[in-house]
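For reference, upload_2.cif (mmCIF, C-alpha atoms):
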data_model
#
loop_
_atom_site.label_atom_id
_atom_site.label_comp_id
_atom_site.auth_asym_id
_atom_site.auth_seq_id
_atom_site.Cartn_x
_atom_site.Cartn_y
_atom_site.Cartn_z
CA MET A 1 0.00 0.00 0.00
CA SER A 2 2.63 2.53 1.06
CA ILE A 3 4.58 1.92 -2.16
CA ILE A 4 1.65 2.92 -4.35
CA PHE A 5 0.59 5.98 -2.41
CA PHE A 6 3.39 8.29 -1.44
CA HIS A 7 2.13 9.98 1.67
CA VAL A 8 0.27 7.30 3.46
CA PRO A 9 -1.26 8.45 6.69
CA LYS A 10 -0.62 6.18 9.61
CA TYR A 11 -4.27 5.20 10.04
CA ILE A 12 -4.47 3.63 6.55
CA GLU A 13 -1.61 1.27 7.36
CA VAL A 14 -3.41 0.31 10.51
CA LYS A 15 -6.55 -0.28 8.45
CA VAL A 16 -4.66 -2.58 6.05
CA LYS A 17 -3.37 -4.57 9.00
CA TYR A 18 -6.87 -4.95 10.38
CA LEU A 19 -8.17 -5.92 6.94
CA GLU A 20 -5.68 -8.77 6.86
CA ILE A 21 -6.72 -9.98 10.28
CA LEU A 22 -10.32 -9.76 9.11
CA THR A 23 -9.90 -11.62 5.83
CA ASN A 24 -7.77 -14.38 7.29
CA ASN A 25 -10.65 -15.44 9.48
CA ILE A 26 -12.92 -18.13 8.03
CA LEU A 27 -15.89 -16.13 9.25
CA PHE A 28 -15.05 -13.42 6.70
CA GLY A 29 -16.36 -15.42 3.73
CA LEU A 30 -19.51 -16.37 5.61
CA VAL A 31 -20.30 -12.88 6.90
CA ILE A 32 -19.69 -11.13 3.58
CA SER A 33 -21.85 -13.68 1.70
CA LEU A 34 -24.68 -13.34 4.22
CA ALA A 35 -24.50 -9.55 4.14
CA ALA A 36 -24.41 -9.45 0.33
CA PHE A 37 -27.40 -11.82 0.08
CA GLU A 38 -29.32 -9.76 2.62
CA ILE A 39 -28.72 -6.63 0.52
CA GLY A 40 -29.70 -8.60 -2.60
CA ILE A 41 -33.02 -9.67 -1.06
CA PHE A 42 -33.67 -6.10 0.09
CA ILE A 43 -33.04 -4.62 -3.38
CA ASN A 44 -35.09 -7.36 -5.04
CA ARG A 45 -38.06 -6.77 -2.73
CA LYS A 46 -37.95 -3.01 -3.25
CA THR A 47 -37.63 -3.05 -7.04
CA ARG A 48 -39.26 -6.37 -8.08
CA ILE A 49 -37.22 -6.38 -11.31
CA PRO A 50 -36.29 -9.95 -12.39
CA ILE A 51 -32.73 -9.06 -13.42
CA LEU A 52 -32.05 -7.78 -9.89
CA ASN A 53 -32.04 -11.36 -8.63
CA PRO A 54 -30.73 -11.68 -5.03
CA LEU A 55 -28.17 -14.30 -6.06
CA LEU A 56 -26.87 -12.16 -8.92
CA ILE A 57 -26.64 -9.04 -6.72
CA ALA A 58 -24.90 -11.00 -3.97
CA ILE A 59 -22.31 -12.48 -6.36
CA ALA A 60 -21.66 -9.04 -7.90
CA LEU A 61 -21.32 -7.36 -4.49
CA VAL A 62 -18.92 -9.97 -3.13
CA MET A 63 -16.82 -9.82 -6.31
CA CYS A 64 -16.69 -5.99 -6.18
CA PHE A 65 -15.68 -6.10 -2.53
CA LEU A 66 -12.92 -8.63 -3.18
CA PHE A 67 -11.61 -6.64 -6.17
CA ALA A 68 -11.76 -3.32 -4.30
CA PHE A 69 -9.72 -4.59 -1.37
CA HIS A 70 -7.43 -6.86 -3.43
CA ILE A 71 -8.55 -10.01 -1.66
CA ASP A 72 -8.09 -13.19 -3.70
CA PHE A 73 -10.74 -15.85 -4.14
CA ASP A 74 -8.93 -18.46 -2.02
CA THR A 75 -9.02 -16.16 0.99
CA TYR A 76 -12.77 -15.66 0.56
CA ASN A 77 -13.30 -19.34 -0.08
CA LYS A 78 -11.92 -20.32 3.34
CA GLY A 79 -15.37 -19.37 4.59
CA GLY A 80 -17.14 -19.74 1.25
CA GLN A 81 -16.48 -23.49 1.10
CA PHE A 82 -18.71 -23.98 4.12
CA ILE A 83 -21.62 -22.50 2.17
CA ASN A 84 -20.69 -24.56 -0.87
CA MET A 85 -20.82 -27.66 1.31
CA PHE A 86 -24.62 -27.35 1.56
CA LEU A 87 -25.10 -27.85 -2.20
CA GLY A 88 -24.64 -31.64 -2.08
CA PRO A 89 -27.30 -32.40 0.55
CA SER A 90 -29.58 -29.79 -1.07
CA THR A 91 -29.54 -31.78 -4.30
CA VAL A 92 -30.33 -34.97 -2.38
CA VAL A 93 -33.42 -33.48 -0.68
CA LEU A 94 -34.78 -32.28 -4.03
CA ALA A 95 -36.32 -35.77 -4.00
CA VAL A 96 -38.84 -34.52 -1.43
CA PRO A 97 -40.78 -32.00 -3.58
CA LEU A 98 -40.58 -34.56 -6.36
CA TYR A 99 -42.16 -37.22 -4.15
CA LYS A 100 -44.89 -34.81 -3.07
CA GLN A 101 -45.85 -34.31 -6.72
CA LEU A 102 -45.68 -38.01 -7.61
CA ASP A 103 -49.24 -38.14 -9.00
CA LEU A 104 -48.61 -35.18 -11.28
CA LEU A 105 -45.38 -36.80 -12.44
CA LYS A 106 -47.13 -40.08 -13.29
CA LYS A 107 -49.89 -38.26 -15.16
CA ASN A 108 -47.44 -36.24 -17.27
CA ALA A 109 -44.60 -38.76 -17.57
CA LYS A 110 -44.77 -38.95 -21.37
CA ALA A 111 -44.86 -35.18 -21.84
CA ILE A 112 -42.03 -34.59 -19.37
CA LEU A 113 -39.68 -37.24 -20.78
CA THR A 114 -40.29 -36.23 -24.39
CA GLY A 115 -39.84 -32.56 -23.53
CA ILE A 116 -36.56 -33.09 -21.69
CA PHE A 117 -35.20 -35.38 -24.41
CA VAL A 118 -36.05 -33.10 -27.35
CA GLY A 119 -35.04 -30.01 -25.37
CA SER A 120 -31.63 -31.49 -24.53
CA VAL A 121 -30.97 -32.66 -28.11
CA ILE A 122 -31.94 -29.31 -29.65
CA GLY A 123 -30.06 -27.55 -26.86
CA ILE A 124 -26.80 -29.38 -27.57
CA LEU A 125 -27.14 -28.92 -31.33
CA SER A 126 -27.85 -25.20 -30.88
CA ILE A 127 -24.85 -24.85 -28.56
CA ILE A 128 -22.61 -26.41 -31.22
CA GLY A 129 -24.22 -24.38 -34.03
CA ILE A 130 -24.21 -20.99 -32.33
CA SER A 131 -20.69 -21.45 -30.92
CA TYR A 132 -19.48 -22.25 -34.44
CA LEU A 133 -21.27 -19.20 -35.87
CA VAL A 134 -19.71 -16.79 -33.34
CA GLY A 135 -16.30 -18.25 -34.16
CA LEU A 136 -15.33 -20.29 -31.10
CA ASP A 137 -12.78 -23.05 -31.62
CA SER A 138 -13.46 -26.76 -31.16
CA SER A 139 -11.92 -27.13 -27.68
CA ILE A 140 -14.22 -24.40 -26.33
CA ILE A 141 -17.25 -25.82 -28.18
CA LYS A 142 -16.55 -29.19 -26.53
CA SER A 143 -16.44 -27.48 -23.14
CA LEU A 144 -19.77 -25.72 -23.75
CA VAL A 145 -21.73 -28.83 -24.81
CA PRO A 146 -22.69 -29.91 -21.25
CA LYS A 147 -23.43 -26.37 -20.02
CA SER A 148 -27.08 -26.99 -19.13
CA VAL A 149 -26.52 -29.91 -16.75
CA THR A 150 -25.53 -29.92 -13.09
CA THR A 151 -21.82 -29.18 -12.47
CA PRO A 152 -20.52 -32.66 -11.49
CA ILE A 153 -22.17 -34.33 -14.52
CA GLY A 154 -21.01 -31.47 -16.76
CA ILE A 155 -17.39 -31.87 -15.66
CA SER A 156 -17.35 -35.57 -16.49
CA ILE A 157 -18.99 -35.03 -19.92
CA SER A 158 -16.59 -32.20 -20.75
CA SER A 159 -13.47 -34.15 -19.84
CA GLN A 160 -14.79 -37.17 -21.73
CA LEU A 161 -15.20 -35.06 -24.89
CA GLY A 162 -11.81 -33.44 -24.34
CA GLY A 163 -13.02 -29.98 -23.35
CA LEU A 164 -11.55 -27.47 -20.90
CA VAL A 165 -13.08 -28.09 -17.47
CA PRO A 166 -12.75 -24.50 -16.08
CA ILE A 167 -14.68 -23.14 -19.09
CA THR A 168 -17.34 -25.82 -18.58
CA VAL A 169 -17.77 -24.88 -14.92
CA LEU A 170 -17.94 -21.22 -15.82
CA SER A 171 -20.53 -21.72 -18.56
CA ILE A 172 -22.62 -24.00 -16.31
CA ILE A 173 -22.81 -21.37 -13.57
CA VAL A 174 -23.45 -18.50 -16.00
CA THR A 175 -26.19 -20.53 -17.70
CA GLY A 176 -27.72 -21.33 -14.32
CA ILE A 177 -27.82 -17.68 -13.32
CA ILE A 178 -29.28 -16.66 -16.71
CA GLY A 179 -31.95 -19.36 -16.36
CA ALA A 180 -32.80 -18.30 -12.81
CA VAL A 181 -32.94 -14.61 -13.70
CA PHE A 182 -34.72 -14.76 -17.07
CA GLY A 183 -36.42 -18.19 -16.90
CA PRO A 184 -39.87 -16.94 -15.82
CA THR A 185 -39.70 -14.09 -18.36
CA ILE A 186 -38.72 -16.46 -21.19
CA CYS A 187 -41.64 -18.71 -20.25
CA LYS A 188 -44.00 -15.73 -20.49
CA VAL A 189 -42.62 -14.77 -23.92
CA PHE A 190 -43.17 -18.30 -25.27
CA LYS A 191 -46.62 -18.41 -23.63
CA ILE A 192 -45.65 -21.37 -21.43
CA LYS A 193 -48.23 -21.19 -18.66
CA ASP A 194 -48.59 -24.83 -17.62
CA LYS A 195 -46.85 -25.18 -14.22
CA VAL A 196 -45.36 -28.56 -15.13
CA ALA A 197 -43.96 -27.15 -18.39
CA VAL A 198 -42.46 -24.10 -16.65
CA GLY A 199 -40.71 -26.29 -14.07
CA VAL A 200 -39.41 -28.84 -16.56
CA SER A 201 -38.09 -26.20 -18.96
CA ILE A 202 -36.25 -24.22 -16.27
CA GLY A 203 -34.77 -27.39 -14.75
CA THR A 204 -33.65 -28.73 -18.13
CA ALA A 205 -32.01 -25.46 -19.18
CA ALA A 206 -30.61 -24.19 -15.89
CA HIS A 207 -30.10 -27.19 -13.53
CA ALA A 208 -30.04 -26.52 -9.76
CA VAL A 209 -29.60 -22.74 -9.94
CA GLY A 210 -32.73 -22.53 -12.09
CA THR A 211 -34.47 -24.90 -9.69
CA SER A 212 -33.82 -22.51 -6.83
CA LYS A 213 -35.91 -19.98 -8.77
CA ALA A 214 -38.53 -22.59 -9.74
CA LEU A 215 -38.99 -23.47 -6.05
CA GLU A 216 -39.79 -19.80 -5.41
CA LEU A 217 -42.42 -19.86 -8.18
CA GLY A 218 -44.32 -22.71 -6.55
CA GLU A 219 -44.22 -26.29 -5.31
CA ILE A 220 -45.19 -27.88 -8.64
CA GLU A 221 -42.64 -25.85 -10.61
CA GLY A 222 -39.94 -26.67 -8.05
CA ALA A 223 -40.70 -30.40 -8.09
CA MET A 224 -40.69 -30.62 -11.89
CA SER A 225 -37.50 -28.60 -12.08
CA SER A 226 -35.73 -30.89 -9.57
CA LEU A 227 -36.82 -33.91 -11.57
CA SER A 228 -35.43 -32.39 -14.76
CA ILE A 229 -31.94 -31.85 -13.29
CA GLY A 230 -31.42 -35.57 -12.89
CA ILE A 231 -33.17 -36.71 -16.06
CA ALA A 232 -31.62 -34.05 -18.30
CA GLY A 233 -28.21 -34.81 -16.76
CA ILE A 234 -28.43 -38.54 -17.38
CA MET A 235 -29.84 -38.04 -20.92
CA THR A 236 -27.07 -35.55 -21.75
CA VAL A 237 -24.40 -38.09 -20.73
CA ILE A 238 -25.69 -40.28 -23.58
CA ILE A 239 -26.71 -37.55 -26.07
CA ALA A 240 -23.64 -35.28 -25.84
CA PRO A 241 -20.97 -37.53 -27.44
CA VAL A 242 -23.39 -38.74 -30.14
CA ALA A 243 -24.58 -35.21 -30.97
CA TYR A 244 -21.06 -33.76 -30.98
CA ASN A 245 -19.62 -36.49 -33.19
CA SER A 246 -22.50 -36.32 -35.65
CA ALA A 247 -22.15 -32.53 -35.82
CA VAL A 248 -18.45 -32.93 -36.60
CA PHE A 249 -19.33 -35.57 -39.22
CA ILE A 250 -21.93 -33.30 -40.89
CA TYR A 251 -19.43 -30.42 -40.83
CA HIS A 252 -16.84 -32.52 -42.68
CA MET A 253 -19.47 -33.73 -45.17
CA ILE A 254 -20.42 -30.14 -46.05
CA LYS A 255 -16.79 -29.08 -46.31
CA MET B 256 -40.06 -56.34 3.08
CA ALA B 257 -40.14 -52.53 2.96
CA GLN B 258 -42.47 -52.55 5.95
CA GLY B 259 -39.99 -54.74 7.83
CA ILE B 260 -37.09 -52.43 7.09
CA ARG B 261 -39.19 -49.49 8.16
CA ILE B 262 -40.17 -51.01 11.48
CA LEU B 263 -36.55 -51.92 12.18
CA PHE B 264 -35.42 -48.46 11.16
CA PHE B 265 -37.87 -46.63 13.38
CA ARG B 266 -37.41 -48.91 16.34
CA CYS B 267 -33.80 -47.82 16.32
CA LEU B 268 -34.73 -44.20 15.90
CA SER B 269 -37.56 -44.10 18.41
CA ASN B 270 -35.14 -45.00 21.19
CA TRP B 271 -33.43 -41.77 20.39
CA ARG B 272 -36.18 -39.54 21.72
CA GLY B 273 -36.65 -35.83 22.18
CA THR B 274 -37.33 -33.04 19.74
CA LYS B 275 -33.97 -31.39 20.39
CA VAL B 276 -32.12 -34.12 18.56
CA LYS B 277 -34.63 -34.18 15.69
CA LEU B 278 -32.39 -31.98 13.57
CA PHE B 279 -29.40 -34.27 14.05
CA ARG B 280 -31.48 -37.31 13.18
CA GLU B 281 -32.74 -35.62 10.02
CA ALA B 282 -29.21 -34.58 9.09
CA LEU B 283 -28.04 -38.13 9.73
CA ILE B 284 -30.63 -39.58 7.33
CA ILE B 285 -29.91 -37.04 4.57
CA LEU B 286 -26.11 -37.08 4.87
CA GLY B 287 -26.12 -40.87 5.19
CA ILE B 288 -27.99 -41.20 1.91
CA TYR B 289 -25.70 -38.62 0.30
CA LEU B 290 -22.63 -40.56 1.46
CA LEU B 291 -24.12 -43.78 0.09
CA GLY B 292 -24.67 -42.04 -3.26
CA GLU B 293 -21.07 -40.79 -3.30
CA LEU B 294 -19.76 -44.26 -2.46
CA LEU B 295 -21.82 -45.88 -5.24
CA SER B 296 -20.76 -43.24 -7.77
CA LYS B 297 -17.05 -43.55 -6.94
CA SER B 298 -16.85 -47.30 -6.48
CA LEU B 299 -18.80 -48.22 -9.63
CA ASN B 300 -17.21 -45.40 -11.68
CA LEU B 301 -20.62 -44.13 -12.74
CA PRO B 302 -20.88 -40.92 -14.80
CA ILE B 303 -23.72 -39.85 -12.49
CA PRO B 304 -22.48 -37.85 -9.47
CA GLY B 305 -23.14 -38.90 -5.86
CA ASN B 306 -25.62 -36.14 -5.08
CA ILE B 307 -27.88 -37.13 -8.00
CA LEU B 308 -27.63 -40.81 -6.98
CA GLY B 309 -28.47 -39.70 -3.44
CA MET B 310 -31.54 -37.93 -4.80
CA ILE B 311 -32.61 -41.11 -6.61
CA ILE B 312 -32.01 -43.25 -3.50
CA LEU B 313 -34.00 -40.85 -1.30
CA PHE B 314 -36.80 -40.80 -3.89
CA ILE B 315 -36.96 -44.62 -3.88
CA LEU B 316 -36.93 -44.72 -0.06
CA LEU B 317 -39.77 -42.17 0.04
CA CYS B 318 -41.80 -44.10 -2.57
CA THR B 319 -41.34 -47.40 -0.72
CA LYS B 320 -42.29 -45.55 2.50
CA VAL B 321 -39.10 -46.55 4.30
CA ILE B 322 -38.66 -42.86 5.07
CA LYS B 323 -41.57 -40.48 5.59
CA VAL B 324 -41.44 -36.84 4.50
CA ASP B 325 -42.00 -35.82 8.15
CA ASN B 326 -38.79 -37.60 9.19
CA ILE B 327 -36.66 -35.16 7.23
CA SER B 328 -38.96 -32.13 6.90
CA THR B 329 -37.06 -29.55 9.00
CA VAL B 330 -33.67 -29.95 7.35
CA THR B 331 -35.29 -30.33 3.93
CA SER B 332 -37.15 -27.06 4.16
CA PHE B 333 -34.05 -25.34 5.54
CA LEU B 334 -31.98 -26.52 2.56
CA LEU B 335 -34.57 -25.89 -0.13
CA ASP B 336 -35.71 -22.50 1.14
CA HIS B 337 -32.14 -21.20 0.99
CA LEU B 338 -30.98 -23.02 -2.14
CA SER B 339 -30.07 -19.90 -4.11
CA PHE B 340 -27.88 -18.61 -1.25
CA PHE B 341 -25.70 -21.73 -1.40
CA PHE B 342 -24.64 -20.85 -4.96
CA ILE B 343 -22.88 -17.61 -3.97
CA PRO B 344 -19.35 -19.07 -3.49
CA ALA B 345 -19.63 -20.97 -6.80
CA GLY B 346 -20.64 -17.76 -8.55
CA VAL B 347 -17.89 -15.72 -6.90
CA GLY B 348 -15.49 -18.47 -8.02
CA LEU B 349 -16.01 -17.23 -11.57
CA MET B 350 -13.57 -14.42 -10.79
CA ALA B 351 -10.76 -16.98 -10.60
CA SER B 352 -11.39 -18.11 -14.18
CA ILE B 353 -12.04 -14.70 -15.74
CA GLY B 354 -8.45 -14.70 -17.03
CA ILE B 355 -8.92 -17.67 -19.37
CA ILE B 356 -11.94 -16.22 -21.15
CA LYS B 357 -10.69 -12.65 -21.58
CA SER B 358 -10.70 -12.77 -25.39
CA THR B 359 -13.87 -14.80 -25.89
CA TRP B 360 -16.13 -13.59 -23.10
CA TRP B 361 -18.78 -12.01 -25.32
CA GLN B 362 -19.06 -15.06 -27.59
CA LEU B 363 -19.51 -17.25 -24.51
CA LEU B 364 -22.18 -14.91 -23.17
CA VAL B 365 -24.02 -14.91 -26.52
CA VAL B 366 -23.98 -18.73 -26.59
CA CYS B 367 -25.11 -19.01 -22.97
CA ILE B 368 -28.01 -16.57 -23.33
CA SER B 369 -29.28 -17.70 -26.74
CA THR B 370 -29.15 -21.44 -26.01
CA THR B 371 -30.80 -20.98 -22.60
CA VAL B 372 -33.69 -19.19 -24.34
CA ILE B 373 -33.88 -21.96 -26.98
CA ILE B 374 -33.83 -24.82 -24.44
CA ILE B 375 -36.44 -23.23 -22.16
CA GLY B 376 -38.67 -22.37 -25.15
CA VAL B 377 -38.44 -25.76 -26.87
CA THR B 378 -38.77 -27.88 -23.72
CA GLY B 379 -41.61 -25.81 -22.28
CA MET B 380 -43.65 -25.74 -25.48
CA ILE B 381 -43.29 -29.48 -26.06
CA VAL B 382 -44.26 -30.38 -22.47
CA GLN B 383 -47.21 -27.99 -22.61
CA ALA B 384 -48.42 -29.25 -25.99
CA ILE B 385 -48.23 -32.95 -25.04
CA SER B 386 -49.78 -32.52 -21.60
CA ARG B 387 -52.64 -30.48 -23.11
CA SER B 388 -53.35 -33.10 -25.77
CA THR B 389 -53.40 -35.93 -23.20
CA LYS B 390 -55.73 -33.89 -20.99
CA LYS B 391 -58.13 -33.44 -23.91
CA LYS B 392 -58.10 -37.18 -24.58
CA ASN B 393 -59.00 -37.92 -20.97
CA ILE B 394 -61.94 -35.53 -21.10
#
In structure tokens, how does this file's structure come out?
Amino acid sequence: MSIIFFHVPKYIEVKVKYLEILTNNILFGLVISLAAFEIGIFINRKTRIPILNPLLIAIALVMCFLFAFHIDFDTYNKGGQFINMFLGPSTVVLAVPLYKQLDLLKKNAKAILTGIFVGSVIGILSIIGISYLVGLDSSIIKSLVPKSVTTPIGISISSQLGGLVPITVLSIIVTGIIGAVFGPTICKVFKIKDKVAVGVSIGTAAHAVGTSKALELGEIEGAMSSLSIGIAGIMTVIIAPVAYNSAVFIYHMIK
Amino acid sequence: MAQGIRILFFRCLSNWRGTKVKLFREALIILGIYLLGELLSKSLNLPIPGNILGMIILFILLCTKVIKVDNISTVTSFLLDHLSFFFIPAGVGLMASIGIIKSTWWQLLVVCISTTVIIIGVTGMIVQAISRSTKKKNI
């Protein structure tokens, strides 16, 4: 600090020292995340604008804070990993809303399975097509193919195809946030009003992050979205290599 | 069979009385199933991750009535009501990988937004169309 600024008053140095003590504590990551989420909920309640999603605001605030005070991600993650730890068991208990809506699931089984299957196939083909059109190279296209499934499944598909895992993780999280923020709006635009259809589409496109939004919309939407995470994930494991290889084959045929 | 397992299961649990430990018992059931899922995924080298297997196992146990929803309701509603909060560290983690996408960030964003719209639109319309046609048939 004192190298950058020439005349550093004594109290700033003291502040830097305290900042270090603060950030080295594991509680730092927890407290800053909680505070950021609290602010996010407050802004969201006041404005009611979908893009001002509490999760998005919280992520942006934490990032800004870390950048502003030159704190690296690992320091934040000492506390952050404890929050991350809850994601595993949260996925497991998604079975509960699903079980509560068992009758609805049985009644719509055909519609749900067909929708997820066709949605995943068209999704993967459009990922390959659009990535090619905007000029991304093959290693990045491979990493983007599993971007709509839950992170652990996505990582294994990406490495199987020979993609770059960090890009896969990044695209999965970005997709999830986009789905959670715009999902309900997209459904309105396409005139998707059926609760089952809303849930299934958000879950198929935006995995667990989207499901967190679907659960807020209602119990049926949440249940259908949780169901879609698993089914879309398992289907994508099978579809992704086939779709990618046939796309490459078609590309070579045309050329 | 399922009834037998259930009776055995709850005879063990009912000895452990008191509402104060209810949370621990619920956490035990959920984390136990999660651990089982992880073990199956790792030991059988399945492409399906442990948490998804855990979800399937819990779903089967709920359907066969080995576990009742009430047995895990407190922890379940805690986890599901705060699901979006748990994604904050993963989202903040993006800052660590910003460096690798410096040159292609806008292409990636275009792909992510456009394909999310396509997948939601296609999936939703298909599910809605099929479920409407089956409803009409039933009427």
Close residues, Phe67 (chain A) itself excluded, 12 Å, all atoms listed in the file, min 5 positions apart in chain, as a list in words: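 Here the answer would be Ala60, Leu61, Val62, Asp72, Phe73 and Tyr76 of chain A; Val347, Met350 and Ala351 of chain B.
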Please return as a PDB file with C-alpha atoms, in the coordinates of the input every residue within 12 Å of (-29.1, -44.0, 3.9), taking into account only C-alpha atoms and the file's own coordinates.
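Below is the file point16.pdb, written as the result:
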ATOM      1  CA  VAL A  92     -30.330 -34.970  -2.380  1.00  0.00           C
TER       2      VAL A  92
ATOM      3  CA  PHE B 264     -35.420 -48.460  11.160  1.00  0.00           C
ATOM      4  CA  ARG B 280     -31.480 -37.310  13.180  1.00  0.00           C
ATOM      5  CA  GLU B 281     -32.740 -35.620  10.020  1.00  0.00           C
ATOM      6  CA  ALA B 282     -29.210 -34.580   9.090  1.00  0.00           C
ATOM      7  CA  LEU B 283     -28.040 -38.130   9.730  1.00  0.00           C
ATOM      8  CA  ILE B 284     -30.630 -39.580   7.330  1.00  0.00           C
ATOM      9  CA  ILE B 285     -29.910 -37.040   4.570  1.00  0.00           C
ATOM     10  CA  LEU B 286     -26.110 -37.080   4.870  1.00  0.00           C
ATOM     11  CA  GLY B 287     -26.120 -40.870   5.190  1.00  0.00           C
ATOM     12  CA  ILE B 288     -27.990 -41.200   1.910  1.00  0.00           C
ATOM     13  CA  TYR B 289     -25.700 -38.620   0.300  1.00  0.00           C
ATOM     14  CA  LEU B 290     -22.630 -40.560   1.460  1.00  0.00           C
ATOM     15  CA  LEU B 291     -24.120 -43.780   0.090  1.00  0.00           C
ATOM     16  CA  GLY B 292     -24.670 -42.040  -3.260  1.00  0.00           C
ATOM     17  CA  GLU B 293     -21.070 -40.790  -3.300  1.00  0.00           C
ATOM     18  CA  LEU B 294     -19.760 -44.260  -2.460  1.00  0.00           C
ATOM     19  CA  LEU B 295     -21.820 -45.880  -5.240  1.00  0.00           C
ATOM     20  CA  LEU B 308     -27.630 -40.810  -6.980  1.00  0.00           C
ATOM     21  CA  GLY B 309     -28.470 -39.700  -3.440  1.00  0.00           C
ATOM     22  CA  MET B 310     -31.540 -37.930  -4.800  1.00  0.00           C
ATOM     23  CA  ILE B 311     -32.610 -41.110  -6.610  1.00  0.00           C
ATOM     24  CA  ILE B 312     -32.010 -43.250  -3.500  1.00  0.00           C
ATOM     25  CA  LEU B 313     -34.000 -40.850  -1.300  1.00  0.00           C
ATOM     26  CA  PHE B 314     -36.800 -40.800  -3.890  1.00  0.00           C
ATOM     27  CA  ILE B 315     -36.960 -44.620  -3.880  1.00  0.00           C
ATOM     28  CA  LEU B 316     -36.930 -44.720  -0.060  1.00  0.00           C
ATOM     29  CA  LEU B 317     -39.770 -42.170   0.040  1.00  0.00           C
ATOM     30  CA  VAL B 321     -39.100 -46.550   4.300  1.00  0.00           C
ATOM     31  CA  ILE B 322     -38.660 -42.860   5.070  1.00  0.00           C
TER      32      ILE B 322
END
Smallest atom-to-atom distance to Leu34 (chain A): which of B:Thr370, B:Ser388, B:Ser339, B:Thr329, using all atoms listed in the file?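 Among the listed residues, the smallest separation from Leu34 (chain A) belongs to B:Ser339.
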Can you give me, as a CSV table (one decimal) with C-alpha atoms, in the frame of the given file, the residues this file yields under the PyMOL selection byres ((chain B) within 6 of (chain A))?
chain,number,residue,atom,x,y,z
B,304,PRO,CA,-22.5,-37.8,-9.5
B,306,ASN,CA,-25.6,-36.1,-5.1
B,309,GLY,CA,-28.5,-39.7,-3.4
B,310,MET,CA,-31.5,-37.9,-4.8
B,314,PHE,CA,-36.8,-40.8,-3.9
B,331,THR,CA,-35.3,-30.3,3.9
B,334,LEU,CA,-32.0,-26.5,2.6
B,338,LEU,CA,-31.0,-23.0,-2.1
B,339,SER,CA,-30.1,-19.9,-4.1
B,341,PHE,CA,-25.7,-21.7,-1.4
B,343,ILE,CA,-22.9,-17.6,-4.0
B,344,PRO,CA,-19.4,-19.1,-3.5
B,346,GLY,CA,-20.6,-17.8,-8.6
B,347,VAL,CA,-17.9,-15.7,-6.9
B,367,CYS,CA,-25.1,-19.0,-23.0
B,371,THR,CA,-30.8,-21.0,-22.6
B,374,ILE,CA,-33.8,-24.8,-24.4
B,375,ILE,CA,-36.4,-23.2,-22.2
B,377,VAL,CA,-38.4,-25.8,-26.9
B,378,THR,CA,-38.8,-27.9,-23.7
B,379,GLY,CA,-41.6,-25.8,-22.3
B,381,ILE,CA,-43.3,-29.5,-26.1
B,382,VAL,CA,-44.3,-30.4,-22.5
B,383,GLN,CA,-47.2,-28.0,-22.6
B,385,ILE,CA,-48.2,-33.0,-25.0
B,386,SER,CA,-49.8,-32.5,-21.6
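Between CA of Ala243 (chain A) and CA of Ile355 (chain B) there is a distance of 26.2 Å.
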If I only have part of region 344-354 of chain B, can you fill in N, CA and C atoms and write it as a JSON list (two decimals), in the coordinates of the input?
[["chain", "number", "residue", "atom", "x", "y", "z"],
["B", 344, "PRO", "N", -20.79, -18.82, -3.31],
["B", 344, "PRO", "CA", -19.35, -19.07, -3.49],
["B", 344, "PRO", "C", -19.02, -19.60, -4.89],
["B", 345, "ALA", "N", -19.88, -20.47, -5.45],
["B", 345, "ALA", "CA", -19.63, -20.97, -6.80],
["B", 345, "ALA", "C", -19.64, -19.83, -7.81],
["B", 346, "GLY", "N", -20.57, -18.91, -7.64],
["B", 346, "GLY", "CA", -20.64, -17.76, -8.55],
["B", 346, "GLY", "C", -19.45, -16.84, -8.40],
["B", 347, "VAL", "N", -19.06, -16.59, -7.14],
["B", 347, "VAL", "CA", -17.89, -15.72, -6.90],
["B", 347, "VAL", "C", -16.63, -16.39, -7.47],
["B", 348, "GLY", "N", -16.61, -17.72, -7.47],
["B", 348, "GLY", "CA", -15.49, -18.47, -8.02],
["B", 348, "GLY", "C", -15.21, -18.17, -9.48],
["B", 349, "LEU", "N", -16.22, -17.61, -10.17],
["B", 349, "LEU", "CA", -16.01, -17.23, -11.57],
["B", 349, "LEU", "C", -14.85, -16.26, -11.72],
["B", 350, "MET", "N", -14.63, -15.43, -10.68],
["B", 350, "MET", "CA", -13.57, -14.42, -10.79],
["B", 350, "MET", "C", -12.19, -15.07, -10.95],
["B", 351, "ALA", "N", -12.04, -16.29, -10.45],
["B", 351, "ALA", "CA", -10.76, -16.98, -10.60],
["B", 351, "ALA", "C", -10.51, -17.41, -12.04],
["B", 352, "SER", "N", -11.60, -17.63, -12.80],
["B", 352, "SER", "CA", -11.39, -18.11, -14.18],
["B", 352, "SER", "C", -11.66, -17.03, -15.22],
["B", 353, "ILE", "N", -11.80, -15.78, -14.78],
["B", 353, "ILE", "CA", -12.04, -14.70, -15.74],
["B", 353, "ILE", "C", -10.86, -14.58, -16.71],
["B", 354, "GLY", "N", -9.65, -14.82, -16.21],
["B", 354, "GLY", "CA", -8.45, -14.70, -17.03],
["B", 354, "GLY", "C", -8.47, -15.53, -18.29]]
